[in-house]
>>> print(open('structure-v4.cif').read())   # mmCIF, C-alpha atoms and all ligand atoms
data_data
loop_
_atom_site.group_PDB
_atom_site.id
_atom_site.type_symbol
_atom_site.label_atom_id
_atom_site.label_comp_id
_atom_site.auth_asym_id
_atom_site.auth_seq_id
_atom_site.Cartn_x
_atom_site.Cartn_y
_atom_site.Cartn_z
ATOM 1 C CA MET I 1 21.912 -40.389 -19.836
ATOM 2 C CA LYS I 2 19.970 -40.365 -16.605
ATOM 3 C CA LEU I 3 20.348 -42.954 -13.868
ATOM 4 C CA TYR I 4 17.465 -42.669 -11.402
ATOM 5 C CA SER I 5 18.064 -43.068 -7.647
ATOM 6 C CA ASN I 6 21.168 -45.337 -7.191
ATOM 7 C CA GLU I 7 23.013 -42.565 -5.300
ATOM 8 C CA GLU I 8 25.582 -44.956 -3.787
ATOM 9 C CA ASN I 9 26.338 -46.448 -7.192
ATOM 10 C CA LYS I 10 26.772 -43.024 -8.747
ATOM 11 C CA ARG I 11 29.263 -42.080 -6.023
ATOM 12 C CA LEU I 12 31.161 -45.319 -6.511
ATOM 13 C CA ILE I 13 31.186 -44.994 -10.288
ATOM 14 C CA SER I 14 32.535 -41.459 -10.095
ATOM 15 C CA LEU I 15 35.463 -42.847 -8.054
ATOM 16 C CA LEU I 16 35.947 -45.822 -10.378
ATOM 17 C CA THR I 17 36.055 -43.772 -13.533
ATOM 18 C CA ALA I 18 39.068 -41.693 -12.470
ATOM 19 C CA LYS I 19 41.994 -42.212 -14.856
ATOM 20 C CA GLY I 20 44.052 -45.246 -13.923
ATOM 21 C CA ARG I 21 41.406 -46.635 -11.599
ATOM 22 C CA GLU I 22 39.145 -48.165 -14.245
ATOM 23 C CA PRO I 23 37.822 -51.561 -13.202
ATOM 24 C CA HIS I 24 38.323 -54.172 -15.919
ATOM 25 C CA SER I 25 35.762 -56.714 -14.724
ATOM 26 C CA VAL I 26 32.477 -55.794 -13.113
ATOM 27 C CA ILE I 27 29.552 -57.885 -11.901
ATOM 28 C CA ILE I 28 26.181 -56.127 -11.592
ATOM 29 C CA THR I 29 23.555 -57.895 -9.513
ATOM 30 C CA GLY I 30 19.903 -57.122 -8.841
ATOM 31 C CA GLU I 31 16.436 -58.559 -9.315
ATOM 32 C CA ARG I 32 14.844 -58.677 -12.743
ATOM 33 C CA GLY I 33 13.582 -55.281 -13.856
ATOM 34 C CA SER I 34 15.718 -53.404 -11.352
ATOM 35 C CA GLY I 35 17.903 -51.748 -13.990
ATOM 36 C CA ARG I 36 21.021 -53.917 -14.197
ATOM 37 C CA ARG I 37 21.578 -53.137 -17.890
ATOM 38 C CA THR I 38 20.871 -49.457 -17.341
ATOM 39 C CA LEU I 39 23.452 -49.359 -14.554
ATOM 40 C CA GLY I 40 25.925 -51.197 -16.821
ATOM 41 C CA LYS I 41 25.318 -48.741 -19.629
ATOM 42 C CA TYR I 42 25.695 -45.792 -17.254
ATOM 43 C CA LEU I 43 29.024 -47.204 -16.047
ATOM 44 C CA ALA I 44 30.148 -47.712 -19.656
ATOM 45 C CA ALA I 45 29.083 -44.164 -20.549
ATOM 46 C CA ALA I 46 30.928 -42.692 -17.552
ATOM 47 C CA LEU I 47 34.070 -44.658 -18.485
ATOM 48 C CA MET I 48 33.982 -43.735 -22.163
ATOM 49 C CA CYS I 49 32.821 -40.116 -21.776
ATOM 50 C CA GLU I 50 35.321 -37.738 -23.367
ATOM 51 C CA ARG I 51 35.116 -35.403 -20.368
ATOM 52 C CA ARG I 52 35.790 -38.121 -17.808
ATOM 53 C CA SER I 53 34.147 -36.129 -15.052
ATOM 54 C CA GLY I 54 32.898 -39.139 -13.101
ATOM 55 C CA GLU I 55 29.512 -39.215 -14.793
ATOM 56 C CA PRO I 56 28.392 -39.275 -18.427
ATOM 57 C CA CYS I 57 28.238 -35.671 -19.664
ATOM 58 C CA GLY I 58 25.500 -36.583 -22.138
ATOM 59 C CA VAL I 59 26.777 -34.194 -24.830
ATOM 60 C CA CYS I 60 30.148 -35.513 -26.049
ATOM 61 C CA LYS I 61 30.287 -37.742 -29.136
ATOM 62 C CA SER I 62 30.801 -40.894 -27.069
ATOM 63 C CA CYS I 63 27.832 -40.170 -24.761
ATOM 64 C CA ARG I 64 25.591 -39.388 -27.718
ATOM 65 C CA MET I 65 26.553 -42.532 -29.608
ATOM 66 C CA LEU I 66 25.943 -44.617 -26.492
ATOM 67 C CA GLU I 67 22.578 -42.971 -25.927
ATOM 68 C CA ASP I 68 21.599 -43.667 -29.547
ATOM 69 C CA GLY I 69 22.707 -47.289 -29.216
ATOM 70 C CA ASN I 70 25.389 -47.103 -31.915
ATOM 71 C CA HIS I 71 28.679 -46.770 -30.038
ATOM 72 C CA PRO I 72 31.121 -49.095 -31.845
ATOM 73 C CA ASP I 73 33.070 -49.751 -28.625
ATOM 74 C CA PHE I 74 30.111 -50.742 -26.461
ATOM 75 C CA ILE I 75 29.318 -54.335 -27.330
ATOM 76 C CA THR I 76 26.484 -56.289 -25.739
ATOM 77 C CA ALA I 77 26.369 -60.077 -26.136
ATOM 78 C CA LYS I 78 23.017 -61.468 -27.235
ATOM 79 C CA ALA I 79 21.483 -64.586 -25.763
ATOM 80 C CA ASN I 80 18.844 -66.739 -27.457
ATOM 81 C CA GLU I 81 15.222 -66.630 -26.309
ATOM 82 C CA ASN I 82 15.926 -69.103 -23.481
ATOM 83 C CA GLY I 83 18.686 -66.884 -22.149
ATOM 84 C CA ASN I 84 21.524 -69.149 -23.270
ATOM 85 C CA TYR I 85 24.618 -67.889 -25.078
ATOM 86 C CA LYS I 86 26.396 -69.420 -28.041
ATOM 87 C CA LEU I 87 29.911 -70.157 -26.830
ATOM 88 C CA ASP I 88 31.242 -69.233 -30.277
ATOM 89 C CA ASP I 89 29.786 -65.727 -29.801
ATOM 90 C CA ILE I 90 31.600 -65.394 -26.483
ATOM 91 C CA ARG I 91 34.848 -66.694 -28.046
ATOM 92 C CA ALA I 92 34.422 -64.121 -30.839
ATOM 93 C CA LEU I 93 33.992 -61.417 -28.203
ATOM 94 C CA VAL I 94 37.229 -62.489 -26.510
ATOM 95 C CA SER I 95 39.062 -62.446 -29.868
ATOM 96 C CA ASP I 96 37.626 -58.997 -30.620
ATOM 97 C CA SER I 97 38.968 -57.672 -27.331
ATOM 98 C CA VAL I 98 42.561 -57.593 -28.599
ATOM 99 C CA ILE I 99 41.591 -55.070 -31.281
ATOM 100 C CA LYS I 100 42.016 -51.459 -30.166
ATOM 101 C CA PRO I 101 38.926 -49.268 -29.650
ATOM 102 C CA ASN I 102 37.505 -47.348 -32.615
ATOM 103 C CA GLU I 103 36.828 -44.099 -30.821
ATOM 104 C CA GLY I 104 38.339 -43.418 -27.411
ATOM 105 C CA ASP I 105 40.716 -45.430 -25.279
ATOM 106 C CA LEU I 106 38.267 -48.004 -23.901
ATOM 107 C CA LYS I 107 36.061 -50.794 -25.159
ATOM 108 C CA VAL I 108 33.241 -52.084 -22.944
ATOM 109 C CA TYR I 109 31.641 -55.516 -23.311
ATOM 110 C CA MET I 110 28.439 -56.415 -21.515
ATOM 111 C CA ILE I 111 27.097 -59.949 -21.066
ATOM 112 C CA PRO I 112 23.668 -59.513 -19.480
ATOM 113 C CA GLU I 113 21.395 -61.847 -17.508
ATOM 114 C CA LEU I 114 23.807 -64.697 -16.969
ATOM 115 C CA ASP I 115 21.363 -66.097 -14.409
ATOM 116 C CA ARG I 116 18.895 -66.786 -17.234
ATOM 117 C CA SER I 117 21.593 -68.664 -19.069
ATOM 118 C CA VAL I 118 20.850 -71.895 -17.228
ATOM 119 C CA ASN I 119 22.826 -74.142 -19.587
ATOM 120 C CA THR I 120 25.676 -71.843 -20.436
ATOM 121 C CA ALA I 121 26.407 -69.689 -17.364
ATOM 122 C CA VAL I 122 29.400 -71.813 -16.337
ATOM 123 C CA PRO I 123 30.816 -72.545 -19.831
ATOM 124 C CA VAL I 124 30.560 -68.810 -20.650
ATOM 125 C CA GLN I 125 32.612 -67.987 -17.567
ATOM 126 C CA ASN I 126 35.169 -70.638 -18.493
ATOM 127 C CA VAL I 127 35.580 -69.047 -21.919
ATOM 128 C CA LEU I 128 35.962 -65.643 -20.244
ATOM 129 C CA LEU I 129 38.319 -66.763 -17.509
ATOM 130 C CA LYS I 130 41.586 -65.937 -19.278
ATOM 131 C CA PHE I 131 40.175 -62.588 -20.387
ATOM 132 C CA ILE I 132 39.056 -61.751 -16.841
ATOM 133 C CA GLU I 133 42.419 -62.841 -15.419
ATOM 134 C CA GLU I 134 44.474 -60.739 -17.820
ATOM 135 C CA PRO I 135 42.224 -58.243 -19.595
ATOM 136 C CA PRO I 136 43.780 -55.968 -22.210
ATOM 137 C CA ASP I 137 44.269 -52.466 -20.752
ATOM 138 C CA HIS I 138 41.677 -51.006 -23.093
ATOM 139 C CA CYS I 139 38.902 -53.466 -22.129
ATOM 140 C CA VAL I 140 36.170 -53.547 -19.527
ATOM 141 C CA ILE I 141 33.735 -56.430 -19.163
ATOM 142 C CA ILE I 142 30.398 -56.157 -17.360
ATOM 143 C CA LEU I 143 28.454 -59.274 -16.367
ATOM 144 C CA THR I 144 24.954 -59.053 -14.936
ATOM 145 C CA ALA I 145 22.848 -61.545 -12.966
ATOM 146 C CA ALA I 146 20.243 -61.702 -10.196
ATOM 147 C CA THR I 147 22.773 -62.761 -7.562
ATOM 148 C CA LYS I 148 26.475 -63.485 -7.257
ATOM 149 C CA GLU I 149 25.810 -67.160 -6.621
ATOM 150 C CA ILE I 150 26.041 -68.230 -10.244
ATOM 151 C CA PHE I 151 29.570 -66.915 -10.615
ATOM 152 C CA LEU I 152 32.692 -69.049 -10.245
ATOM 153 C CA PRO I 153 34.847 -68.085 -7.236
ATOM 154 C CA THR I 154 37.744 -67.318 -9.589
ATOM 155 C CA VAL I 155 35.523 -64.844 -11.475
ATOM 156 C CA ILE I 156 34.092 -63.197 -8.349
ATOM 157 C CA SER I 157 37.545 -62.717 -6.878
ATOM 158 C CA ARG I 158 38.628 -60.703 -9.924
ATOM 159 C CA CYS I 159 35.508 -58.565 -10.309
ATOM 160 C CA ILE I 160 34.137 -55.493 -8.631
ATOM 161 C CA THR I 161 30.472 -56.024 -7.720
ATOM 162 C CA LEU I 162 27.777 -53.375 -7.936
ATOM 163 C CA GLY I 163 24.190 -54.043 -6.873
ATOM 164 C CA THR I 164 21.256 -52.138 -8.347
ATOM 165 C CA GLN I 165 19.612 -49.977 -5.689
ATOM 166 C CA ARG I 166 15.872 -49.668 -5.315
ATOM 167 C CA CYS I 167 14.529 -46.611 -7.040
ATOM 168 C CA ARG I 168 12.179 -44.207 -5.319
ATOM 169 C CA ARG I 169 8.502 -44.440 -6.220
ATOM 170 C CA SER I 170 8.530 -40.806 -7.315
ATOM 171 C CA ASP I 171 11.380 -41.641 -9.731
ATOM 172 C CA ALA I 172 9.446 -44.591 -11.141
ATOM 173 C CA GLU I 173 6.414 -42.347 -11.721
ATOM 174 C CA GLN I 174 8.551 -39.715 -13.397
ATOM 175 C CA TRP I 175 10.331 -42.275 -15.605
ATOM 176 C CA LEU I 176 7.073 -43.902 -16.698
ATOM 177 C CA THR I 177 5.629 -40.485 -17.532
ATOM 178 C CA VAL I 178 8.701 -39.746 -19.673
ATOM 179 C CA GLN I 179 8.211 -43.035 -21.572
ATOM 180 C CA GLY I 180 4.835 -41.707 -22.728
ATOM 181 C CA GLY I 181 1.691 -43.561 -23.674
ATOM 182 C CA TYR I 182 0.457 -44.352 -20.174
ATOM 183 C CA GLY I 183 -2.317 -42.615 -18.245
ATOM 184 C CA GLN I 184 -1.447 -41.078 -14.885
ATOM 185 C CA ASP I 185 -3.894 -43.327 -12.985
ATOM 186 C CA ASP I 186 -2.373 -46.444 -14.548
ATOM 187 C CA ILE I 187 1.111 -45.232 -13.659
ATOM 188 C CA ILE I 188 0.107 -44.666 -10.035
ATOM 189 C CA ARG I 189 -1.448 -48.136 -9.873
ATOM 190 C CA ALA I 190 1.643 -49.741 -11.434
ATOM 191 C CA VAL I 191 3.998 -47.997 -9.005
ATOM 192 C CA SER I 192 1.769 -48.785 -6.042
ATOM 193 C CA CYS I 193 2.059 -52.449 -7.022
ATOM 194 C CA CYS I 194 5.646 -52.734 -8.245
ATOM 195 C CA GLY I 195 7.368 -49.916 -6.338
ATOM 196 C CA GLY I 196 10.628 -48.653 -7.801
ATOM 197 C CA ASN I 197 11.216 -51.661 -10.056
ATOM 198 C CA PHE I 198 10.936 -49.988 -13.484
ATOM 199 C CA GLY I 199 10.880 -53.272 -15.405
ATOM 200 C CA ARG I 200 8.062 -54.697 -13.296
ATOM 201 C CA CYS I 201 6.105 -51.430 -13.643
ATOM 202 C CA LEU I 202 6.338 -51.756 -17.440
ATOM 203 C CA GLU I 203 5.251 -55.373 -17.220
ATOM 204 C CA PHE I 204 2.273 -54.240 -15.132
ATOM 205 C CA LEU I 205 1.304 -51.550 -17.638
ATOM 206 C CA ASN I 206 1.735 -53.701 -20.734
ATOM 207 C CA GLY I 207 0.505 -57.078 -19.521
ATOM 208 C CA LYS I 208 -2.628 -58.601 -18.063
ATOM 209 C CA GLU I 209 -1.246 -61.031 -15.502
ATOM 210 C CA LEU I 210 0.361 -58.659 -12.996
ATOM 211 C CA PRO I 211 -2.704 -56.350 -12.794
ATOM 212 C CA LEU I 212 -4.971 -59.372 -12.283
ATOM 213 C CA ALA I 213 -2.692 -60.798 -9.578
ATOM 214 C CA PHE I 214 -2.630 -57.388 -7.894
ATOM 215 C CA GLU I 215 -6.442 -57.068 -7.987
ATOM 216 C CA CYS I 216 -6.718 -60.576 -6.531
ATOM 217 C CA ALA I 217 -4.318 -59.691 -3.687
ATOM 218 C CA LYS I 218 -6.281 -56.506 -2.976
ATOM 219 C CA ALA I 219 -9.599 -58.398 -2.931
ATOM 220 C CA VAL I 220 -8.202 -61.032 -0.546
ATOM 221 C CA SER I 221 -6.790 -58.275 1.697
ATOM 222 C CA ALA I 222 -10.234 -56.645 1.781
ATOM 223 C CA GLY I 223 -11.775 -60.021 2.672
ATOM 224 C CA MET I 224 -9.253 -60.436 5.499
ATOM 225 C CA LEU I 225 -10.061 -56.963 6.830
ATOM 226 C CA ARG I 226 -13.762 -57.777 6.913
ATOM 227 C CA ARG I 227 -13.083 -61.300 8.197
ATOM 228 C CA ASP I 228 -15.304 -62.567 5.418
ATOM 229 C CA GLU I 229 -14.489 -66.091 4.229
ATOM 230 C CA TYR I 230 -16.647 -65.762 1.110
ATOM 231 C CA LEU I 231 -14.850 -62.578 -0.020
ATOM 232 C CA ILE I 232 -11.473 -64.263 0.448
ATOM 233 C CA LEU I 233 -12.571 -67.272 -1.628
ATOM 234 C CA LYS I 234 -14.063 -65.024 -4.301
ATOM 235 C CA GLY I 235 -10.829 -63.007 -4.421
ATOM 236 C CA LEU I 236 -8.672 -66.102 -4.847
ATOM 237 C CA PHE I 237 -10.975 -67.446 -7.562
ATOM 238 C CA MET I 238 -10.278 -64.338 -9.646
ATOM 239 C CA CYS I 239 -7.196 -66.249 -10.864
ATOM 240 C CA ASP I 240 -9.127 -69.430 -11.581
ATOM 241 C CA GLY I 241 -7.286 -71.655 -14.041
ATOM 242 C CA GLN I 242 -4.206 -69.410 -14.074
ATOM 243 C CA LYS I 243 -1.758 -70.890 -11.665
ATOM 244 C CA ALA I 244 1.090 -68.477 -12.409
ATOM 245 C CA VAL I 245 -1.229 -65.532 -11.720
ATOM 246 C CA LEU I 246 -2.415 -67.087 -8.459
ATOM 247 C CA ARG I 247 1.201 -67.656 -7.439
ATOM 248 C CA GLN I 248 1.985 -64.001 -8.168
ATOM 249 C CA ALA I 249 -1.085 -62.931 -6.153
ATOM 250 C CA LEU I 250 0.216 -64.932 -3.182
ATOM 251 C CA VAL I 251 3.617 -63.281 -3.599
ATOM 252 C CA PHE I 252 1.871 -59.880 -3.450
ATOM 253 C CA LEU I 253 -0.132 -60.992 -0.411
ATOM 254 C CA SER I 254 3.027 -62.152 1.324
ATOM 255 C CA GLU I 255 4.606 -58.729 0.636
ATOM 256 C CA ILE I 256 1.505 -56.945 1.972
ATOM 257 C CA LEU I 257 1.433 -59.100 5.117
ATOM 258 C CA ARG I 258 5.161 -58.674 5.672
ATOM 259 C CA GLY I 259 4.565 -54.914 5.362
ATOM 260 C CA ALA I 260 1.658 -55.138 7.842
ATOM 261 C CA CYS I 261 3.877 -56.985 10.295
ATOM 262 C CA LEU I 262 6.637 -54.376 10.056
ATOM 263 C CA ILE I 263 4.177 -51.480 10.331
ATOM 264 C CA SER I 264 2.610 -52.936 13.467
ATOM 265 C CA LEU I 265 6.100 -53.246 14.958
ATOM 266 C CA GLY I 266 6.588 -49.520 14.352
ATOM 267 C CA GLU I 267 8.884 -49.928 11.335
ATOM 268 C CA LYS I 268 8.457 -48.625 7.833
ATOM 269 C CA PRO I 269 8.537 -51.298 5.133
ATOM 270 C CA GLU I 270 11.058 -50.344 2.469
ATOM 271 C CA ASP I 271 8.985 -50.940 -0.613
ATOM 272 C CA CYS I 272 5.731 -52.695 0.078
ATOM 273 C CA CYS I 273 3.140 -53.211 -2.624
ATOM 274 C CA PHE I 274 -0.325 -51.860 -1.739
ATOM 275 C CA GLU I 275 0.886 -49.850 1.257
ATOM 276 C CA ASN I 276 -2.624 -48.665 2.231
ATOM 277 C CA GLY I 277 -3.787 -52.242 2.523
ATOM 278 C CA ALA I 278 -0.741 -53.143 4.615
ATOM 279 C CA GLU I 279 -1.487 -50.240 6.983
ATOM 280 C CA GLN I 280 -5.111 -51.314 7.405
ATOM 281 C CA LEU I 281 -4.134 -54.944 7.966
ATOM 282 C CA ALA I 282 -1.483 -53.877 10.492
ATOM 283 C CA ALA I 283 -4.133 -51.999 12.494
ATOM 284 C CA SER I 284 -6.578 -54.885 12.263
ATOM 285 C CA LEU I 285 -4.322 -57.927 12.720
ATOM 286 C CA GLY I 286 -1.305 -56.734 14.703
ATOM 287 C CA SER I 287 2.163 -58.195 14.219
ATOM 288 C CA GLY I 288 1.470 -61.754 15.450
ATOM 289 C CA ARG I 289 -1.371 -62.608 13.093
ATOM 290 C CA SER I 290 0.211 -60.741 10.178
ATOM 291 C CA GLN I 291 3.328 -62.828 10.645
ATOM 292 C CA GLU I 292 1.365 -66.075 10.819
ATOM 293 C CA LEU I 293 -0.512 -65.200 7.650
ATOM 294 C CA TYR I 294 2.735 -64.201 5.951
ATOM 295 C CA ARG I 295 4.147 -67.654 6.736
ATOM 296 C CA LEU I 296 0.950 -69.231 5.441
ATOM 297 C CA MET I 297 1.361 -67.438 2.105
ATOM 298 C CA THR I 298 4.971 -68.550 1.687
ATOM 299 C CA ASP I 299 3.894 -72.102 2.550
ATOM 300 C CA TYR I 300 1.171 -72.022 -0.128
ATOM 301 C CA ILE I 301 3.536 -70.544 -2.722
ATOM 302 C CA GLY I 302 5.642 -73.657 -2.078
ATOM 303 C CA ARG I 303 2.579 -75.872 -2.549
ATOM 304 C CA LEU I 304 1.829 -74.288 -5.908
ATOM 305 C CA ASP I 305 5.451 -74.779 -6.920
ATOM 306 C CA ALA I 306 5.100 -78.424 -5.917
ATOM 307 C CA ASN I 307 2.269 -78.589 -8.459
ATOM 308 C CA CYS I 308 -0.695 -79.005 -6.080
ATOM 309 C CA ASN I 309 -4.182 -78.851 -7.628
ATOM 310 C CA GLN I 310 -5.212 -75.206 -7.912
ATOM 311 C CA SER I 311 -8.880 -75.472 -6.817
ATOM 312 C CA LEU I 312 -8.007 -77.614 -3.809
ATOM 313 C CA THR I 313 -5.234 -75.195 -2.892
ATOM 314 C CA VAL I 314 -7.593 -72.205 -3.090
ATOM 315 C CA ASN I 315 -10.249 -73.893 -0.933
ATOM 316 C CA SER I 316 -7.798 -75.056 1.679
ATOM 317 C CA LEU I 317 -5.975 -71.686 1.764
ATOM 318 C CA THR I 318 -9.271 -69.830 2.285
ATOM 319 C CA GLY I 319 -10.041 -71.968 5.319
ATOM 320 C CA GLU I 320 -6.546 -71.574 6.737
ATOM 321 C CA ILE I 321 -6.607 -67.787 6.293
ATOM 322 C CA PHE I 322 -10.016 -67.568 7.975
ATOM 323 C CA VAL I 323 -9.021 -69.483 11.115
ATOM 324 C CA ARG I 324 -6.065 -67.141 11.601
ATOM 325 C CA LEU I 325 -8.112 -63.920 11.457
HETATM 326 ZN ZN ZN G 1 30.319 -37.483 -22.382
#
>>> encode(input="structure-v4.cif", output="structure tokens", more="lines below")
Ligand SMILES: [Zn+2]
Amino acid sequence: MKLYSNEENKRLISLLTAKGREPHSVIITGERGSGRRTLGKYLAAALMCERRSGEPCGVCKSCRMLEDGNHPDFITAKANENGNYKLDDIRALVSDSVIKPNEGDLKVYMIPELDRSVNTAVPVQNVLLKFIEEPPDHCVIILTAATKEIFLPTVISRCITLGTQRCRRSDAEQWLTVQGGYGQDDIIRAVSCCGGNFGRCLEFLNGKELPLAFECAKAVSAGMLRRDEYLILKGLFMCDGQKAVLRQALVFLSEILRGACLISLGEKPEDCCFENGAEQLAASLGSGRSQELYRLMTDYIGRLDANCNQSLTVNSLTGEIFVRL
């Protein structure tokens, strides 16, 4: 079981999995696609590994069963398609927790993506409260979400929190190659757009919207470099009639411009999509104009969220970009 990058988390997990130090309640946070479940599964594997060496050995019976997805003591709660949980399922999980493990000395429960569970995030935590306050010795519960904000203070205070760490681009390329079925050029394009977010890279490779949004952002960047109003308008119209794609293109543009701003201030952006474009824009616009354009993008993302008419938004944005070049 391989966990890419995440060096800090691996160090922490190797300390946490020492006998007698097992955490019983863990919150894992991180953006969508950043590997929250993978980190949870790695933690579970390290805790249940027969060798207990601080990391999953990958060869013992427990590690193999976990890898194959059939470990009887690793139980993941399932939400419906809207991300909500049935409270009866969570109650059943709590009742199950009193039963001793089948294999080793630990049972691990994971309840993923509580942030998607808009209607049930709080009721789920209320059902879990007693369990989190006094967990049976043989139980560990892992909750995942985008941020800690959705958790009740009483839950946070009893949990250890781990955050997913950004993976290196080289790791994302390697992982995507291992998955198979993708051409090397596509992989490079996906990683150049989505950086070390494995989930987003997959979405890029398997969907149509992210690649289109990325092409739109690249075309608008090229228009900005050439200070050509027509090219900017043409770029933005690539997403005509697809508001969500346009919004995503503006998110990419804001990332590129933020990167340009940092580069022109002599810093290295941590994980900027379309880094070449950001470098060229930094040289052409400097930090002041990059920053102004970055603010403009975030302002227009807000307008789209406020349901402004798409064609009017595109026309007005083109003009506003042009006067700032
Ligand atoms: Zn093992």
>>> closest_atom_pairs(input="structure-v4.cif", of="chain I", to="ligand ZN 1 (chain G)", cutoff="8 Å", atoms="all atoms listed in the file", output="CSV")
residue,atom,partner,partner_atom,distance
I:Ala45,CA,G:ZN1,ZN,7.0
I:Ala46,CA,G:ZN1,ZN,7.1
I:Met48,CA,G:ZN1,ZN,7.2
I:Cys49,CA,G:ZN1,ZN,3.7
I:Glu50,CA,G:ZN1,ZN,5.1
I:Arg51,CA,G:ZN1,ZN,5.6
I:Arg52,CA,G:ZN1,ZN,7.2
I:Glu55,CA,G:ZN1,ZN,7.8
I:Pro56,CA,G:ZN1,ZN,4.8
I:Cys57,CA,G:ZN1,ZN,3.9
I:Gly58,CA,G:ZN1,ZN,4.9
I:Val59,CA,G:ZN1,ZN,5.4
I:Cys60,CA,G:ZN1,ZN,4.2
I:Lys61,CA,G:ZN1,ZN,6.8
I:Ser62,CA,G:ZN1,ZN,5.8
I:Cys63,CA,G:ZN1,ZN,4.4
I:Arg64,CA,G:ZN1,ZN,7.4
>>> write_last_selection(input="structure-v4.cif", atoms="C-alpha atoms", output="PDB file, keeping the file's coordinate frame")
ATOM      1  CA  ALA I  45      29.083 -44.164 -20.549  1.00  0.00           C
ATOM      2  CA  ALA I  46      30.928 -42.692 -17.552  1.00  0.00           C
ATOM      3  CA  MET I  48      33.982 -43.735 -22.163  1.00  0.00           C
ATOM      4  CA  CYS I  49      32.821 -40.116 -21.776  1.00  0.00           C
ATOM      5  CA  GLU I  50      35.321 -37.738 -23.367  1.00  0.00           C
ATOM      6  CA  ARG I  51      35.116 -35.403 -20.368  1.00  0.00           C
ATOM      7  CA  ARG I  52      35.790 -38.121 -17.808  1.00  0.00           C
ATOM      8  CA  GLU I  55      29.512 -39.215 -14.793  1.00  0.00           C
ATOM      9  CA  PRO I  56      28.392 -39.275 -18.427  1.00  0.00           C
ATOM     10  CA  CYS I  57      28.238 -35.671 -19.664  1.00  0.00           C
ATOM     11  CA  GLY I  58      25.500 -36.583 -22.138  1.00  0.00           C
ATOM     12  CA  VAL I  59      26.777 -34.194 -24.830  1.00  0.00           C
ATOM     13  CA  CYS I  60      30.148 -35.513 -26.049  1.00  0.00           C
ATOM     14  CA  LYS I  61      30.287 -37.742 -29.136  1.00  0.00           C
ATOM     15  CA  SER I  62      30.801 -40.894 -27.069  1.00  0.00           C
ATOM     16  CA  CYS I  63      27.832 -40.170 -24.761  1.00  0.00           C
ATOM     17  CA  ARG I  64      25.591 -39.388 -27.718  1.00  0.00           C
TER      18      ARG I  64
END
>>> atom_distance(input="structure-v4.cif", atom1="CA of Ile160 in chain I", atom2="CA of Val26 in chain I")
4.8 Å
>>> closest_residue(input="structure-v4.cif", among="I:Met297, I:Leu47, I:Val98, I:Val118", to="Glu81 in chain I", atoms="all atoms listed in the file")
I:Val118
>>> atom_distance(input="structure-v4.cif", atom1="CA of Arg200 in chain I", atom2="CA of Leu114 in chain I")
19.0 Å
>>> resolve_selection(input="structure-v4.cif", expression="the PyMOL selection byres (((chain I and resi 298) around 12) and not hetatm)", output="JSON, numbers by chain")
{"I": [247, 248, 249, 250, 251, 252, 253, 254, 255, 257, 258, 291, 292, 293, 294, 295, 296, 297, 299, 300, 301, 302, 303, 304, 305, 317]}
>>> closest_residue(input="structure-v4.cif", among="I:Glu270, I:Asp88, I:Asp73, I:Asp115", to="His138 in chain I", atoms="all atoms listed in the file")
I:Asp73
>>> closest_residue(input="structure-v4.cif", among="I:Pro72, I:Gly223, I:Pro112, I:Pro153", to="Lys100 in chain I", atoms="all atoms listed in the file")
I:Pro72
>>> closest_residue(input="structure-v4.cif", among="I:Tyr85, I:Tyr230, I:Tyr42, I:Phe274", to="Lys2 in chain I", atoms="all atoms listed in the file")
I:Tyr42
>>> closest_residue(input="structure-v4.cif", among="I:Glu229, I:Glu320, I:Asp137, I:Glu149", to="Arg21 in chain I", atoms="all atoms listed in the file")
I:Asp137
>>> residues_around(input="structure-v4.cif", residues="Asp96 in chain I", least_positions_apart="3", cutoff="12 Å", atoms="only C-alpha atoms", output="ChimeraX atom specification")
/I:72-75,89-93,99-102,107-109,131,135-136,138-139
>>> atom_distance(input="structure-v4.cif", atom1="CA of Leu233 in chain I", atom2="CA of Asn309 in chain I")
15.5 Å
>>> resolve_selection(input="structure-v4.cif", expression="the PyMOL selection byres (((chain I and resi 178-194) around 7) and not hetatm)", output="PyMOL selection string")
chain I and resi 169+172-177+195-197+200-201+204-205+214+273-274
>>> closest_residue(input="structure-v4.cif", among="I:Leu87, I:Cys308, I:Leu236, I:Val155", to="Lys130 in chain I", atoms="all atoms listed in the file")
I:Val155
>>> resolve_selection(input="structure-v4.cif", expression="the PyMOL selection byres (((chain I and resi 35) around 9) and not hetatm)", output="count of residues only")
15
>>> residues_around(input="structure-v4.cif", residues="range 283-289 of chain I", least_positions_apart="6", cutoff="9 Å", atoms="all atoms listed in the file", output="MDAnalysis selection string")
chainID I and resid 225 260:265 324:325
>>> axis_aligned_box(input="structure-v4.cif", around="range 136-154 of chain I", padding_each_side="8 Å", output="JSON")
{"center_x": 32.3, "center_y": -60.0, "center_z": -14.9, "size_x": 40.0, "size_y": 34.0, "size_z": 32.5}
